[in-house]
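**Q** Attaching a single structure in C-alpha cells format; questions to follow.
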Amino acid sequence: MVTPAEIRDAATAIADRVIRTPVVYSPTFSAMTGARVYLKLENLQKGGSFKVRGATFMIHTLNGRIGPRGVIAASAGNHAQGVAIAARDAGISATIVMPEWVSISKEAATRGYGAEVVLHGHSLDESIGYAREQVAGGYTFIHPFDEAAVIAGQGTVGLEICADLPDTDTIIVPVGGGGLIAGIATAAKAHNDEIRIIGAEALSCPSYSEAKKQGRPVRVPVSPSIADGIMVNPVGDLPFSIMQALVDDLVLVDEPDIIRAVNLLLERKKVLAEGAGVVGLAALLAGLVPVSPGSTIVVVVSGGNIDSPLLDRILHHGLLASDRILHLSVTIDDEAGTLARLLTLIAEERANILHIHHARSDRDLPLRTVRLEIELETRGAAHNEAIVGALRRGGYEPGPVR
C-alpha cells in the first residue's frame, strides 16, 4: 500500500520540479449541477498532465540506483512526456517506447523534451513488454501506474486539493490504470475520511469496473474512444487494492458525454482538455454522480494533450449534437440572382454559412437547376426551425443533405 506519509514526502521532494496547478471555481458547471463545482487543472501541469508528478518522485526515490543507460518507459502519450521531463530535469537519459500507431504530435512532444523515442509494438502491452526487456541492457524501467512511488507522486494532486479546499465533499477522478485515483484517495481520506472519492471510467474500456466484479484485475474488451489516455487494460494490481479500500464509487461514461464535456469545458471555461482528462466532468454533467445541493465537488481535469485534428472533429461533432450545425439541401433555378435571394433569407435569420456546395450534374436534377448543399452554424434547434420556416415562406423546399 501507499501511505499518506509517503505522499507528503513526495510533495516535498517534487515541489520545485512540478507546477502547483490551480483549483478554479466554475459558475457555469455549478449552475448546471446545483453544487459548488471546482476544477483541478492538471492540464496546465508540465507536459500537459499529472504524469510528471509520479515520474519525478520515482526518479527521486531511485537515488543513484538508475541503470547506466538511464530510465526507460512505455507510453502512447502522457506518461512518455512526464518521464521525459522528469529525466531531463534530473539530468539523466530517458528512452520511451511508443506503439507504432502513436500520434505524430505526441511523438514529437516526447522527443522535444529530450527523450529518445523507439517505435515498437502494435499495442501498448507490446511496447511495455519490449521496454521491460531492455532492463537487462542497463535501463531502469518506470511503470506508468503500478508502482508505489509513482502513486505517491500522483497523490500530491490530492494534497493540493485538500489544502486549497479543506471543505471538499467529493472528488471525481478519471480512472485508467488507477495510479492517479489511488494516490488522490489515499491523500484525501487521510485529510477527511468523509470525502467521497468517485472514479470515472470510459465505457469503452471498463477495466476497473470489471475488476471490481471479478475481485481482481482482468482484461476486458476495448472499443475505440477519444479518451485514449485511460484505455488501460487491465488496471494495475497495486492501484486496484488501494481503490478497493478507499474509492467510494465508480461510474462509466459513454462517448457522447465525453465529447460534450470537451466542448463545454472549452466553450464555457476556455480550458482545453483531452478526452481522458474530462471523463470526470462528463460523469458529473451527465448526472451519473449523485449531488447534494450546495456541496463542494472537485473534478480533476487530468490532462490536456489532444491532437489538433481530433479536436477539430470533436468540436464539429459537439456542434452537431447540440443542434448548432444545420445541414440543408435546396434545389434552385440555375440563373442569375436566385442564389443571392436564398442567401439573403439565410442572412436575415442571422445564420452563419460554413460551407456551400453546388451540384449541377446529378441525374435526378432537371435541366437548368442546381442543388445546393449548405452547412450553417446556428444557435440551436429553435433557430434551425426558424431558418427552415423562412426558406419555405420564401418559396424553397429545404431537405436533408443526401
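Naming works like this for the C-alpha cells: A, B, ... for the chains as they're shown, residue 1 at the start of each chain, ligands 1 onward in shown order.
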Within 7 Å of A:Ala182, counting only C-alpha atoms, which residues qualify if same-chain residues fewer than 5 places away don't, as a list in words?

**A** Ile151, Pro239, Ile242 and Met243 of chain A

**Q** With N, CA and C atoms retained, write the just-selected residues as a PDB file, in the first residue's frame.

**A**
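Contents of the output file result25.pdb:
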ATOM      1  N   ILE A 151       2.525   6.216  -7.575  1.00  0.00           N
ATOM      2  CA  ILE A 151       1.225   6.517  -6.964  1.00  0.00           C
ATOM      3  C   ILE A 151       1.362   7.628  -5.934  1.00  0.00           C
ATOM      4  N   PRO A 239      -2.736  -0.291  -7.608  1.00  0.00           N
ATOM      5  CA  PRO A 239      -3.860   0.650  -7.592  1.00  0.00           C
ATOM      6  C   PRO A 239      -5.198  -0.026  -7.277  1.00  0.00           C
ATOM      7  N   ILE A 242      -5.716  -0.520  -3.588  1.00  0.00           N
ATOM      8  CA  ILE A 242      -5.987   0.756  -2.908  1.00  0.00           C
ATOM      9  C   ILE A 242      -7.397   1.248  -3.232  1.00  0.00           C
ATOM     10  N   MET A 243      -7.791   1.127  -4.486  1.00  0.00           N
ATOM     11  CA  MET A 243      -9.127   1.567  -4.877  1.00  0.00           C
ATOM     12  C   MET A 243     -10.208   0.764  -4.164  1.00  0.00           C
TER      13      MET A 243
END

**Q** So which bits of stretch 27-88 of chain A end up strand (DSSP E or B) when you DSSP the backbone, as a list in words?

**A**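 Filtering stretch 27-88 of chain A to strand (DSSP E or B) leaves Arg36, Val37, Tyr38, Leu39, Lys40, Leu41, Ser49, Val71, Ile72, Ala73 and Ala74 of chain A.
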
**Q** Given the choices A:Ser93, A:Ser295, A:Ser308, A:Thr338, which gets closest to A:Ser105 if the distance is worked out from only C-alpha atoms?

**A**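 Closest candidate: A:Ser308.
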
**Q** Which residues are close to A:Ala227, i.e. within 8 Å by only C-alpha atoms, leaving aside same-chain residues fewer than 5 positions away? Reply as a list in words.

**A** Ala202, Ile258, Glu274, Gly275, Ala276, Gly277 and Val279 of chain A

**Q** Go ahead and write the selection's residues with C-alpha atoms as a PDB file, in the first residue's frame.

**A**
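Result saved to again.pdb:
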ATOM      1  CA  ALA A 202     -14.723   5.258 -20.085  1.00  0.00           C
ATOM      2  CA  ILE A 258     -17.099  12.775 -23.095  1.00  0.00           C
ATOM      3  CA  GLU A 274      -8.193  15.800 -23.808  1.00  0.00           C
ATOM      4  CA  GLY A 275     -10.917  13.179 -23.753  1.00  0.00           C
ATOM      5  CA  ALA A 276      -9.359  11.220 -20.895  1.00  0.00           C
ATOM      6  CA  GLY A 277      -8.916  14.424 -18.934  1.00  0.00           C
ATOM      7  CA  VAL A 279     -14.167  11.960 -18.084  1.00  0.00           C
TER       8      VAL A 279
END

**Q** From the options A:Gly183, A:Gly138, A:Gly394, A:Pro68, which residue's atoms come nearest to A:Arg341, counting only C-alpha atoms?

**A**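 Among the listed residues, the smallest separation from A:Arg341 belongs to A:Gly394.
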
**Q** Just list as a ChimeraX atom specification whatever in stretch 94-220 of chain A DSSP marks as alpha helix (DSSP H).

**A** /A:104-112,124-133,148-164,179-191,207-214

**Q** At most 12 Å is the cut-off: for each residue in stretch 283-342 of chain A with any atom that close to an atom of stretch 69-86 of chain A, write down the nearest atom pair and the distance in Å rounded to one decimal, counting only C-alpha atoms, chain first then increasing number, as CSV.

**A**
residue,atom,partner,partner_atom,distance
A:Ser302,CA,A:Asn78,CA,10.0
A:Gly303,CA,A:Asn78,CA,7.8
A:Gly304,CA,A:Asn78,CA,9.2
A:Asn305,CA,A:Asn78,CA,7.4
A:Ile306,CA,A:Gly77,CA,9.8
A:Asp307,CA,A:Gly77,CA,10.7

**Q** Could you check which of A:Thr344, A:Ala87, A:Leu285, A:Arg260 is closest to A:Ser322, using only C-alpha atoms?

**A**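 Looking at the shortest contact to A:Ser322, the residue is A:Arg260.
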
**Q** Would you kindly return, as number ranges by chain, each protein, DNA or RNA residue with an atom no farther than 7 Å from any atom of A:Pro234, considering only C-alpha atoms and excluding same-chain residues fewer than 5 positions away?

**A** A: 207, 217-219

**Q** Considering only C-alpha atoms, return as a PyMOL selection string whatever protein or nucleic-acid residues lie within 6 Å of A:Ser127, sequence-local ones (same chain, fewer than 6 positions apart) excluded.

**A** chain A and resi 74+97+99+120-121

**Q** Kindly indicate which residue among A:Gly318, A:Pro206, A:Pro221, A:Gly337 lies nearest to A:Ile259, using only C-alpha atoms for the distances.

**A** A:Gly318

**Q** For A:Thr95, find every residue with an atom within 6 Å (counting only C-alpha atoms), except residues of its own chain fewer than 3 positions away, and show them as a PDB file with C-alpha atoms, in the first residue's frame.

**A**
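So selection_36.pdb came out as:
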ATOM      1  CA  ILE A  72      13.031   3.585 -19.923  1.00  0.00           C
ATOM      2  CA  ALA A 115      13.916  11.645 -24.739  1.00  0.00           C
ATOM      3  CA  GLU A 116      14.964   9.074 -27.296  1.00  0.00           C
ATOM      4  CA  VAL A 117      11.842   7.535 -28.833  1.00  0.00           C
TER       5      VAL A 117
END

**Q** Please identify all polymer residues within 9 Å of A:Thr28, counting only C-alpha atoms, omitting same-chain residues fewer than 2 positions from it, and present them as a ChimeraX atom specification.

**A** /A:26,30-33,37,268-269

**Q** Given only C-alpha atoms as the basis, pick out the residue of A:Arg216, A:His383, A:His358, A:Arg350 nearest to A:Leu326.

**A**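 The closest residue to A:Leu326 is A:His383.
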